[in-house]
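Text of model-v3.cif, listed as mmCIF, C-alpha atoms:
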```
data_target
#
loop_
_atom_site.label_atom_id
_atom_site.label_comp_id
_atom_site.auth_asym_id
_atom_site.auth_seq_id
_atom_site.Cartn_x
_atom_site.Cartn_y
_atom_site.Cartn_z
CA MET C 1228 62.99 15.11 5.05
CA PRO C 1229 64.71 11.74 5.35
CA ALA C 1230 62.73 8.85 3.94
CA ARG C 1231 62.85 7.02 7.25
CA ARG C 1232 61.28 9.98 9.06
CA LYS C 1233 58.52 10.24 6.43
CA PHE C 1234 57.77 6.59 6.92
CA LEU C 1235 57.54 6.98 10.69
CA LEU C 1236 55.19 9.98 10.35
CA LEU C 1237 53.00 7.96 8.00
CA LEU C 1238 52.77 5.17 10.57
CA ILE C 1239 52.00 7.59 13.39
CA PHE C 1240 49.29 9.59 11.60
CA GLY C 1241 48.16 7.42 8.74
CA ILE C 1242 47.15 4.23 10.55
CA PRO C 1243 44.91 5.99 13.13
CA LEU C 1244 43.16 7.85 10.30
CA LEU C 1245 42.49 4.57 8.50
CA VAL C 1246 40.99 3.14 11.68
CA ILE C 1247 38.77 6.20 12.18
CA PHE C 1248 37.61 6.20 8.56
CA GLY C 1249 36.96 2.49 8.77
CA GLN C 1250 34.71 2.97 11.80
CA CYS C 1251 32.82 5.64 9.90
CA ASN C 1252 32.14 3.13 7.10
CA ILE C 1253 33.69 5.47 4.53
CA PHE C 1254 35.30 2.59 2.70
CA ASP C 1255 32.36 0.21 3.09
CA SER C 1256 30.78 -1.12 -0.10
CA PRO C 1257 27.13 -0.14 -0.78
CA LYS C 1258 24.63 -2.02 1.34
CA VAL C 1259 23.46 -5.15 -0.47
CA ASP C 1260 19.78 -6.01 -0.30
CA PRO C 1261 19.39 -9.48 1.30
CA ARG C 1262 17.07 -10.48 -1.58
CA GLY C 1263 19.93 -10.20 -4.07
CA SER C 1264 21.59 -7.78 -6.45
CA ALA C 1265 18.41 -7.36 -8.54
CA TYR C 1266 16.89 -5.37 -5.66
CA ALA C 1267 17.71 -1.70 -5.09
CA GLY C 1268 16.41 -1.16 -1.55
CA SER C 1269 13.89 1.48 -0.53
CA GLU C 1270 16.62 4.06 0.07
CA ARG C 1271 17.33 4.22 -3.67
CA CYS C 1272 13.61 4.50 -4.42
CA MET C 1273 13.44 7.47 -2.08
CA ASN C 1274 16.10 9.35 -4.07
CA CYS C 1275 13.65 9.94 -6.94
CA HIS C 1276 10.29 9.42 -5.22
CA LYS C 1277 10.68 11.53 -2.09
CA ALA C 1278 7.06 12.70 -1.85
CA VAL C 1279 5.57 9.23 -2.40
CA TYR C 1280 8.03 7.68 0.03
CA SER C 1281 7.31 10.33 2.67
CA ASP C 1282 3.57 9.68 2.42
CA TYR C 1283 4.09 5.94 2.50
CA LEU C 1284 5.85 6.16 5.87
CA HIS C 1285 2.40 6.86 7.36
CA ALA C 1286 0.51 4.18 5.42
CA SER C 1287 -0.71 0.87 6.83
CA HIS C 1288 1.51 -1.37 4.73
CA PHE C 1289 4.69 0.35 5.88
CA SER C 1290 3.93 -0.27 9.55
CA THR C 1291 2.70 -3.85 9.27
CA SER C 1292 5.86 -4.96 11.08
CA ARG C 1293 8.62 -3.02 12.81
CA ILE C 1294 11.17 -3.19 15.61
CA ALA C 1295 9.34 -3.14 18.94
CA ASP C 1296 10.33 -0.27 21.22
CA GLU C 1297 8.74 2.50 23.28
CA HIS C 1298 7.91 4.45 20.11
CA SER C 1299 6.27 1.57 18.21
CA ILE C 1300 4.17 -0.04 20.96
CA ASN C 1301 0.82 1.55 21.84
CA GLY C 1302 0.25 -0.19 25.17
CA SER C 1303 1.21 1.23 28.55
CA PHE C 1304 4.15 0.02 30.65
CA MET C 1305 3.15 2.19 33.61
CA PRO C 1306 1.75 0.65 36.82
CA GLY C 1307 -2.02 0.42 36.66
CA GLY C 1308 -2.09 -0.07 32.91
CA ASN C 1309 0.52 -2.74 32.29
CA VAL C 1310 -1.07 -5.92 33.69
CA TYR C 1311 -3.06 -8.61 31.93
CA THR C 1312 -4.64 -11.01 34.43
CA LEU C 1313 -4.99 -14.61 33.27
CA ASN C 1314 -6.51 -16.11 36.41
CA LYS C 1315 -6.46 -15.58 40.17
CA ASP C 1316 -2.91 -16.95 40.40
CA THR C 1317 -1.34 -15.89 37.10
CA LYS C 1318 -0.77 -12.58 35.40
CA ILE C 1319 1.45 -11.09 32.69
CA VAL C 1320 3.07 -7.75 33.36
CA MET C 1321 4.51 -5.45 30.68
CA GLU C 1322 7.80 -4.24 32.14
CA LYS C 1323 10.61 -1.87 31.19
CA ARG C 1324 14.04 -3.31 31.92
CA ASP C 1325 17.57 -2.15 31.15
CA SER C 1326 17.75 -4.60 28.24
CA GLY C 1327 14.40 -3.66 26.71
CA LEU C 1328 10.64 -4.11 27.08
CA TYR C 1329 9.35 -7.46 28.36
CA GLN C 1330 6.26 -9.53 28.93
CA VAL C 1331 6.79 -11.18 32.30
CA ALA C 1332 4.55 -14.01 33.50
CA TYR C 1333 4.02 -14.36 37.24
CA ALA C 1334 2.42 -17.32 39.04
CA ASN C 1335 1.72 -16.75 42.73
CA GLY C 1336 4.10 -13.81 42.66
CA LYS C 1337 7.03 -15.73 41.13
CA ILE C 1338 8.40 -15.20 37.62
CA ILE C 1339 7.76 -18.25 35.44
CA ASN C 1340 8.74 -16.73 32.08
CA ALA C 1341 9.99 -13.42 30.69
CA GLN C 1342 10.50 -12.61 27.01
CA ARG C 1343 11.38 -9.38 25.28
CA PHE C 1344 9.25 -7.43 22.80
CA ASP C 1345 11.39 -7.74 19.64
CA ILE C 1346 9.02 -7.21 16.71
CA ALA C 1347 5.64 -5.46 16.61
CA ILE C 1348 3.04 -6.65 14.08
CA GLY C 1349 0.12 -4.46 12.99
CA GLY C 1350 -0.90 -1.34 14.84
CA ILE C 1351 -3.99 0.09 13.13
CA LYS C 1352 -6.75 -1.83 14.90
CA ALA C 1353 -4.52 -3.91 17.14
CA GLU C 1354 -0.96 -5.10 17.39
CA THR C 1355 0.72 -8.29 18.45
CA TYR C 1356 4.35 -8.99 19.27
CA LEU C 1357 7.12 -11.50 18.56
CA TYR C 1358 10.30 -12.43 20.37
CA TRP C 1359 13.50 -14.05 19.22
CA ALA C 1360 14.65 -17.32 20.77
CA GLY C 1361 17.94 -18.02 19.06
CA ASN C 1362 17.13 -17.77 15.36
CA SER C 1363 13.43 -18.63 15.75
CA LEU C 1364 10.47 -16.31 16.25
CA TYR C 1365 7.64 -16.86 18.73
CA GLN C 1366 4.49 -14.89 19.47
CA LEU C 1367 4.07 -13.28 22.86
CA PRO C 1368 0.85 -14.18 24.72
CA VAL C 1369 -0.41 -10.61 25.17
CA SER C 1370 -1.40 -8.22 22.36
CA TYR C 1371 -2.89 -4.71 22.37
CA PHE C 1372 -6.35 -3.66 21.16
CA ASN C 1373 -6.30 0.01 20.09
CA ALA C 1374 -10.08 0.48 20.06
CA LEU C 1375 -10.28 -0.26 23.78
CA ASN C 1376 -6.85 1.07 24.77
CA SER C 1377 -6.31 -2.26 26.46
CA TRP C 1378 -3.95 -5.22 26.57
CA THR C 1379 -5.64 -8.43 25.34
CA ASN C 1380 -4.84 -12.09 24.85
CA SER C 1381 -3.07 -12.72 21.53
CA PRO C 1382 -5.46 -14.09 18.85
CA GLY C 1383 -6.21 -17.76 19.36
CA TYR C 1384 -4.47 -17.95 22.75
CA HIS C 1385 -6.17 -19.46 25.76
CA ASN C 1386 -7.28 -16.67 28.04
CA ALA C 1387 -6.02 -18.31 31.23
CA ILE C 1388 -2.59 -19.75 30.33
CA ALA C 1389 0.75 -17.95 29.98
CA ASP C 1390 1.75 -19.54 26.69
CA PHE C 1391 5.01 -18.35 25.08
CA SER C 1392 5.45 -21.39 22.82
CA ARG C 1393 3.68 -20.50 19.54
CA PRO C 1394 6.29 -20.45 16.73
CA VAL C 1395 5.95 -17.93 13.90
CA GLY C 1396 7.09 -19.19 10.51
CA ALA C 1397 7.90 -17.67 7.15
CA ASP C 1398 4.37 -18.28 5.84
CA CYS C 1399 2.97 -16.11 8.62
CA MET C 1400 5.60 -13.39 8.21
CA SER C 1401 5.26 -13.29 4.43
CA CYS C 1402 2.26 -10.95 4.73
CA HIS C 1403 3.78 -8.83 7.47
CA ALA C 1404 7.32 -8.36 6.17
CA SER C 1405 9.08 -7.92 2.85
CA TYR C 1406 11.69 -10.62 3.30
CA MET C 1407 13.03 -13.22 5.72
CA LYS C 1408 15.78 -15.65 4.84
CA THR C 1409 15.17 -19.16 6.19
CA ILE C 1410 18.16 -21.13 7.44
CA GLN C 1411 18.27 -24.60 5.95
CA GLN C 1412 18.54 -27.17 8.73
CA ASP C 1413 20.12 -30.61 8.57
CA GLN C 1414 17.86 -32.03 11.26
CA PRO C 1415 14.04 -32.08 11.33
CA LEU C 1416 12.52 -29.02 13.02
CA GLN C 1417 11.91 -29.53 16.71
CA GLN C 1418 10.73 -26.00 17.35
CA GLY C 1419 10.15 -23.06 15.00
CA GLU C 1420 11.75 -22.27 11.67
CA GLU C 1421 15.14 -20.64 11.88
CA PHE C 1422 15.98 -17.38 10.14
CA ASP C 1423 19.06 -15.37 9.28
CA ARG C 1424 18.48 -12.41 11.58
CA THR C 1425 20.74 -10.21 9.43
CA ALA C 1426 18.60 -10.86 6.32
CA LEU C 1427 15.30 -9.39 7.46
CA ILE C 1428 13.24 -6.58 5.90
CA LEU C 1429 10.34 -5.53 8.11
CA GLY C 1430 7.24 -3.78 6.79
CA ILE C 1431 6.05 -3.92 3.21
CA ASP C 1432 8.64 -2.05 1.19
CA CYS C 1433 8.53 -0.60 -2.34
CA GLU C 1434 9.91 -3.68 -4.08
CA ARG C 1435 7.52 -6.10 -2.40
CA CYS C 1436 4.81 -4.65 -4.64
CA HIS C 1437 6.78 -3.18 -7.54
CA GLY C 1438 9.31 -5.98 -7.96
CA PRO C 1439 13.13 -5.87 -8.16
CA ALA C 1440 14.15 -2.28 -8.95
CA ALA C 1441 17.96 -2.18 -9.26
CA GLN C 1442 17.91 -2.18 -13.07
CA HIS C 1443 15.15 0.44 -13.03
CA ALA C 1444 17.09 2.68 -10.63
CA ASP C 1445 20.30 2.33 -12.65
CA TYR C 1446 18.59 3.14 -15.93
CA GLN C 1447 16.58 6.13 -14.69
CA THR C 1448 19.67 7.54 -12.96
CA GLU C 1449 21.67 7.27 -16.16
CA HIS C 1450 18.80 8.59 -18.33
CA PRO C 1451 17.07 11.32 -16.27
CA GLU C 1452 15.51 12.74 -19.42
CA ASP C 1453 13.48 9.55 -19.93
CA LYS C 1454 10.34 10.01 -17.81
CA LYS C 1455 8.80 6.69 -18.78
CA ALA C 1456 9.37 4.06 -16.08
CA ALA C 1457 11.59 1.28 -17.38
CA TYR C 1458 12.43 -2.13 -15.92
CA ILE C 1459 9.79 -1.87 -13.21
CA ALA C 1460 6.19 -3.04 -12.75
CA VAL C 1461 3.74 -0.19 -13.39
CA TYR C 1462 0.48 -1.18 -11.71
CA SER C 1463 -1.80 0.82 -13.99
CA THR C 1464 -0.57 -1.02 -17.09
CA LEU C 1465 -1.20 -4.53 -15.77
CA PRO C 1466 -4.24 -6.67 -16.70
CA ARG C 1467 -7.06 -6.51 -14.18
CA MET C 1468 -6.65 -9.97 -12.64
CA VAL C 1469 -2.87 -9.60 -12.47
CA LYS C 1470 -3.48 -6.46 -10.41
CA MET C 1471 -5.86 -8.42 -8.19
CA ASP C 1472 -3.33 -11.20 -7.73
CA MET C 1473 -0.76 -8.70 -6.46
CA CYS C 1474 -3.08 -7.97 -3.54
CA ALA C 1475 -4.40 -11.52 -3.23
CA ILE C 1476 -1.02 -12.96 -2.32
CA CYS C 1477 -1.66 -11.51 1.15
CA HIS C 1478 -5.36 -10.60 1.19
CA SER C 1479 -6.90 -13.95 0.26
CA GLY C 1480 -6.48 -15.79 3.55
CA ALA C 1481 -4.04 -18.34 4.86
CA SER C 1482 -3.42 -21.66 3.15
CA ASP C 1483 -2.39 -24.76 5.06
CA MET C 1484 -0.05 -25.64 2.20
CA MET C 1485 1.80 -23.08 0.14
CA LEU C 1486 2.87 -24.23 -3.31
CA ARG C 1487 5.72 -21.70 -3.40
CA PRO C 1488 7.10 -19.23 -0.83
CA SER C 1489 5.12 -15.98 -0.86
CA PHE C 1490 8.33 -13.96 -0.49
CA THR C 1491 9.25 -14.94 -4.06
CA PHE C 1492 6.02 -13.51 -5.55
CA LYS C 1493 6.63 -10.74 -8.10
CA PRO C 1494 4.23 -8.49 -10.04
CA GLY C 1495 2.92 -10.45 -13.01
CA ASP C 1496 2.87 -13.77 -11.14
CA ARG C 1497 -0.43 -15.57 -10.62
CA VAL C 1498 -1.49 -16.21 -7.04
CA SER C 1499 -2.81 -19.67 -7.97
CA ASP C 1500 0.80 -20.71 -8.56
CA TYR C 1501 1.58 -19.90 -4.92
CA LYS C 1502 -1.53 -20.92 -3.00
CA LEU C 1503 -3.78 -23.93 -3.40
CA PRO C 1504 -6.41 -23.07 -6.04
CA SER C 1505 -9.16 -24.43 -3.76
CA LEU C 1506 -8.55 -21.41 -1.53
CA PHE C 1507 -10.26 -19.17 -4.11
CA GLN C 1508 -13.21 -21.40 -5.00
CA ASN C 1509 -15.37 -20.37 -2.05
CA THR C 1510 -17.01 -17.02 -2.77
CA ASP C 1511 -19.91 -17.33 -0.33
CA PRO C 1512 -19.73 -14.12 1.76
CA ALA C 1513 -21.41 -15.91 4.68
CA GLN C 1514 -18.50 -18.36 4.89
CA LEU C 1515 -15.66 -15.91 4.32
CA ASP C 1516 -14.01 -14.09 7.20
CA VAL C 1517 -13.64 -10.34 6.97
CA HIS C 1518 -10.08 -10.64 8.24
CA GLY C 1519 -7.89 -11.93 5.42
CA ASN C 1520 -10.48 -12.84 2.78
CA GLN C 1521 -10.84 -9.40 1.20
CA TYR C 1522 -9.95 -10.77 -2.26
CA GLN C 1523 -12.76 -13.34 -2.31
CA LEU C 1524 -15.26 -10.97 -0.71
CA LEU C 1525 -14.64 -8.26 -3.32
CA LYS C 1526 -14.82 -10.77 -6.19
CA SER C 1527 -18.21 -11.96 -4.93
CA SER C 1528 -19.66 -8.42 -5.13
CA GLN C 1529 -21.92 -7.34 -7.96
CA CYS C 1530 -19.92 -4.10 -8.15
CA PHE C 1531 -16.85 -6.13 -9.05
CA ILE C 1532 -18.65 -8.58 -11.34
CA LYS C 1533 -20.39 -5.86 -13.38
CA SER C 1534 -17.47 -3.45 -13.68
CA ASN C 1535 -13.75 -3.34 -14.32
CA MET C 1536 -12.83 -2.26 -10.80
CA ASP C 1537 -9.83 -3.61 -8.91
CA CYS C 1538 -8.37 -2.96 -5.47
CA ALA C 1539 -6.71 0.30 -6.54
CA THR C 1540 -10.05 1.70 -7.67
CA CYS C 1541 -10.66 2.56 -4.02
CA HIS C 1542 -7.26 2.16 -2.35
CA ASN C 1543 -4.13 4.25 -2.78
CA VAL C 1544 -1.65 2.23 -0.74
CA HIS C 1545 0.95 5.01 -0.88
CA THR C 1546 -1.09 7.26 1.41
CA ASN C 1547 -2.84 7.07 4.75
CA GLN C 1548 -6.56 6.85 3.93
CA ARG C 1549 -7.70 5.46 7.26
CA GLY C 1550 -11.12 6.69 8.30
CA GLN C 1551 -11.70 8.79 5.16
CA ILE C 1552 -15.28 7.63 4.59
CA ALA C 1553 -16.18 10.55 2.32
CA LEU C 1554 -13.17 9.91 0.07
CA CYS C 1555 -14.10 6.26 -0.34
CA SER C 1556 -17.74 7.16 -0.93
CA GLN C 1557 -16.70 9.39 -3.86
CA LYS C 1558 -15.49 6.21 -5.55
CA CYS C 1559 -19.00 4.79 -5.22
CA THR C 1560 -20.76 7.87 -6.60
CA SER C 1561 -18.45 7.95 -9.60
CA CYS C 1562 -20.41 4.91 -10.84
CA HIS C 1563 -23.66 5.30 -8.89
CA ALA C 1564 -24.37 8.99 -9.37
CA GLN C 1565 -28.08 8.45 -10.12
CA VAL C 1566 -28.91 6.14 -7.22
CA SER C 1567 -31.91 7.32 -5.18
CA HIS C 1568 -32.89 6.05 -1.75
CA SER C 1569 -36.64 6.12 -1.12
CA PHE C 1570 -36.23 6.95 2.56
CA ILE C 1571 -34.47 10.29 1.91
CA LYS C 1572 -36.88 11.89 -0.58
CA ASN C 1573 -38.33 14.27 2.00
CA ASP C 1574 -35.13 14.79 4.00
CA PRO C 1575 -32.53 16.87 2.09
CA ALA C 1576 -30.12 16.92 5.04
CA LEU C 1577 -30.14 13.13 5.28
CA ALA C 1578 -29.74 12.87 1.50
CA THR C 1579 -26.58 14.96 1.67
CA ALA C 1580 -25.21 12.91 4.58
CA ILE C 1581 -25.94 9.63 2.79
CA LYS C 1582 -24.03 10.78 -0.31
CA GLY C 1583 -21.01 11.34 1.89
CA ASN C 1584 -21.20 7.92 3.49
CA CYS C 1585 -21.93 4.94 1.25
CA ILE C 1586 -19.42 2.77 3.08
CA ASP C 1587 -21.05 2.25 6.47
CA CYS C 1588 -24.20 0.88 4.84
CA HIS C 1589 -22.75 -1.07 1.93
CA MET C 1590 -19.40 -2.21 3.43
CA PRO C 1591 -20.19 -2.38 7.17
CA GLU C 1592 -17.79 -3.48 9.86
CA ARG C 1593 -18.26 -7.12 10.75
CA SER C 1594 -16.86 -9.25 13.55
CA SER C 1595 -14.02 -11.56 12.56
CA ASN C 1596 -14.45 -15.23 13.42
CA ALA C 1597 -10.72 -15.76 13.06
CA ILE C 1598 -9.76 -13.40 15.88
CA ALA C 1599 -11.20 -13.51 19.40
CA LEU C 1600 -9.96 -11.11 22.07
CA ASN C 1601 -10.38 -10.66 25.81
CA THR C 1602 -9.39 -7.56 27.74
CA ALA C 1603 -7.80 -7.56 31.14
CA GLN C 1604 -10.91 -5.92 32.57
CA LYS C 1605 -13.58 -8.15 31.02
CA SER C 1606 -14.05 -11.89 30.80
CA THR C 1607 -16.31 -11.63 27.74
CA VAL C 1608 -15.00 -11.92 24.20
CA VAL C 1609 -14.51 -8.54 22.52
CA PRO C 1610 -15.42 -8.47 18.80
CA TYR C 1611 -12.61 -7.66 16.39
CA LEU C 1612 -14.34 -5.56 13.73
CA VAL C 1613 -13.12 -5.36 10.14
CA ARG C 1614 -14.89 -3.69 7.23
CA THR C 1615 -16.23 -6.30 4.83
CA HIS C 1616 -15.14 -6.08 1.19
CA HIS C 1617 -18.33 -7.72 -0.05
CA ILE C 1618 -20.15 -4.66 -1.35
CA GLY C 1619 -23.87 -5.20 -0.91
CA VAL C 1620 -27.15 -4.23 0.76
CA TYR C 1621 -27.18 -4.93 4.50
CA THR C 1622 -30.69 -4.34 5.81
CA ASP C 1623 -29.64 -5.14 9.37
CA ILE C 1624 -27.24 -2.21 9.45
CA THR C 1625 -29.03 0.44 7.36
CA SER C 1626 -31.42 1.71 10.06
CA GLU C 1627 -28.58 1.91 12.57
CA VAL C 1628 -26.44 4.00 10.21
CA ILE C 1629 -29.37 6.31 9.35
CA SER C 1630 -30.07 6.87 13.06
CA LYS C 1631 -26.45 7.91 13.63
CA LEU C 1632 -26.46 10.26 10.63
CA VAL C 1633 -29.74 11.87 11.74
CA GLY C 1634 -28.35 12.27 15.27
CA ARG C 1635 -25.25 14.06 14.01
CA GLY C 1636 -27.38 16.51 12.05
CA LYS C 1637 -29.34 17.62 15.10
#
```

Would you mind writing the structure in this file as structure tokens?
Amino acid sequence: MPARRKFLLLLIFGIPLLVIFGQCNIFDSPKVDPRGSAYAGSERCMNCHKAVYSDYLHASHFSTSRIADEHSINGSFMPGGNVYTLNKDTKIVMEKRDSGLYQVAYANGKIINAQRFDIAIGGIKAETYLYWAGNSLYQLPVSYFNALNSWTNSPGYHNAIADFSRPVGADCMSCHASYMKTIQQDQPLQQGEEFDRTALILGIDCERCHGPAAQHADYQTEHPEDKKAAYIAVYSTLPRMVKMDMCAICHSGASDMMLRPSFTFKPGDRVSDYKLPSLFQNTDPAQLDVHGNQYQLLKSSQCFIKSNMDCATCHNVHTNQRGQIALCSQKCTSCHAQVSHSFIKNDPALATAIKGNCIDCHMPERSSNAIALNTAQKSTVVPYLVRTHHIGVYTDITSEVISKLVGRGK
């Protein structure tokens, strides 16, 4: 075949194939983690830890933030269940549009604002939502309260004003996402912080808790015979307070002034280097809020003070343990096997029930002072209940719990 003809055939068939392959990303370089080359990305973790990763997809930390869509939002968008009334003239309607899901504010029947659901935060007890305005994030005025199957005002929002102006910064997102890259601005901020929307990792991923894993993944792939984890933080081998600090970076409450960005925290770091030390000095359970202050509440407990327990003593963050009271109670009886309650001596059935439920009496649900909610149907404030991590004796709740246990046994 003449050389010229071969060249023409190559042009005719070769270039289209290159275009097709290019669209299929065959020649693309491996995806680079926005945190840098030291990070492997959860996909590489999944290659060797399939079972753990599969379980983690259903755990609370994984879903702490996600793209908002019909599958990730619990609230209804159907007529009759999609309206939150602010006052006699103003309401917010959750609407499906061609370009997505929206919160639309109406005043006297006219649209005064409409913003899209872009990111969903939370989802276990309640969830709130964020929208993008340029490169800045803002909180939508209506959230959803799962316990009541109802739309509510977003925490801290006035219950009668359609307010779409609350900016959400990196400090807020640092406990609800694994990474956000802030855009450095030449001019002082007039609105919210700006982010690189292509450098965003939602949810709490593997490396947020285990640290950069690229070197670990490379080594274990090259040395499959070596079953000892190398170049990665192994939680069980860390000193007790280092373990606690890993959880405290998010579960010790918000600080008005961060010393260092929380996104840069790695296993082995001390939380006092990131948050103002004064944040940890208050260990009075009466002054600590059950939402966010779990670290201080646990440290104030006699169970913590008189033992070597840490957060992982009771929590396996890789699995969904929501509502498993009996499982958590087994952790209690592993140390308190000989405890006797005087009120159950003549009631074997109640004694058995009590052994299966230490939590409701000794770690009861308490109303958060940091979060106040109103439903669309009620004008009264609805309590946002969170289980306290101050393990103790609560005489005000014991009789109520016993009554419920006795009632179930009948």

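Of note, atom CA of C:Lys1258 and atom CA of C:Asp1345 are spaced 23.3 Å apart.
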
Evaluate the PyMOL selection byres ((chain C and resi 1330-1341) around 10) against this structure - the residues, as an NGL selection string, please. :C and (1304 or 1309-1323 or 1328-1329 or 1342-1344 or 1356 or 1358 or 1367-1369 or 1388-1391)

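You will find atom CA of C:Glu1297 at 9.0 Å from atom CA of C:Gly1327.
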
May I have a table of the residues of stretch 1393-1442 of chain C lying at most 12 Å from stretch 1482-1495 of chain C, giving each one's closest pair of atoms and their distance in Å to one decimal, counting all atoms listed in the file, ordered by chain and ascending residue number, as a tab-separated table?
```
residue	atom	partner	partner_atom	distance
C:Gly1396	CA	C:Pro1488	CA	11.3
C:Ala1397	CA	C:Pro1488	CA	8.2
C:Asp1398	CA	C:Ser1489	CA	7.1
C:Cys1399	CA	C:Ser1489	CA	9.7
C:Met1400	CA	C:Phe1490	CA	9.1
C:Ser1401	CA	C:Phe1490	CA	5.8
C:Cys1402	CA	C:Ser1489	CA	8.0
C:His1403	CA	C:Phe1490	CA	10.5
C:Ala1404	CA	C:Phe1490	CA	8.8
C:Ser1405	CA	C:Phe1490	CA	6.9
C:Tyr1406	CA	C:Phe1490	CA	6.1
C:Met1407	CA	C:Phe1490	CA	7.8
C:Lys1408	CA	C:Phe1490	CA	9.3
C:Thr1409	CA	C:Pro1488	CA	10.7
C:Leu1427	CA	C:Phe1490	CA	11.5
C:Ile1428	CA	C:Phe1490	CA	10.9
C:Ile1431	CA	C:Phe1490	CA	10.9
C:Cys1433	CA	C:Lys1493	CA	11.8
C:Glu1434	CA	C:Lys1493	CA	8.8
C:Arg1435	CA	C:Lys1493	CA	7.4
C:Cys1436	CA	C:Pro1494	CA	6.7
C:His1437	CA	C:Pro1494	CA	6.4
C:Gly1438	CA	C:Lys1493	CA	5.5
C:Pro1439	CA	C:Lys1493	CA	8.1
C:Ala1440	CA	C:Lys1493	CA	11.4
```

What would the selection look like, as a PDB file with C-alpha atoms, in the frame of the given file, if the PyMOL selection byres ((chain C and resi 1528) around 10) were run on the coordinates I just shared?
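Written out: selection.pdb:
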```pdb
ATOM      1  CA  THR C1510     -17.010 -17.020  -2.770  1.00  0.00           C
ATOM      2  CA  PRO C1512     -19.730 -14.120   1.760  1.00  0.00           C
ATOM      3  CA  GLN C1523     -12.760 -13.340  -2.310  1.00  0.00           C
ATOM      4  CA  LEU C1524     -15.260 -10.970  -0.710  1.00  0.00           C
ATOM      5  CA  LEU C1525     -14.640  -8.260  -3.320  1.00  0.00           C
ATOM      6  CA  LYS C1526     -14.820 -10.770  -6.190  1.00  0.00           C
ATOM      7  CA  SER C1527     -18.210 -11.960  -4.930  1.00  0.00           C
ATOM      8  CA  GLN C1529     -21.920  -7.340  -7.960  1.00  0.00           C
ATOM      9  CA  CYS C1530     -19.920  -4.100  -8.150  1.00  0.00           C
ATOM     10  CA  PHE C1531     -16.850  -6.130  -9.050  1.00  0.00           C
ATOM     11  CA  ILE C1532     -18.650  -8.580 -11.340  1.00  0.00           C
ATOM     12  CA  LYS C1533     -20.390  -5.860 -13.380  1.00  0.00           C
ATOM     13  CA  HIS C1616     -15.140  -6.080   1.190  1.00  0.00           C
ATOM     14  CA  HIS C1617     -18.330  -7.720  -0.050  1.00  0.00           C
ATOM     15  CA  ILE C1618     -20.150  -4.660  -1.350  1.00  0.00           C
ATOM     16  CA  GLY C1619     -23.870  -5.200  -0.910  1.00  0.00           C
TER      17      GLY C1619
END
```
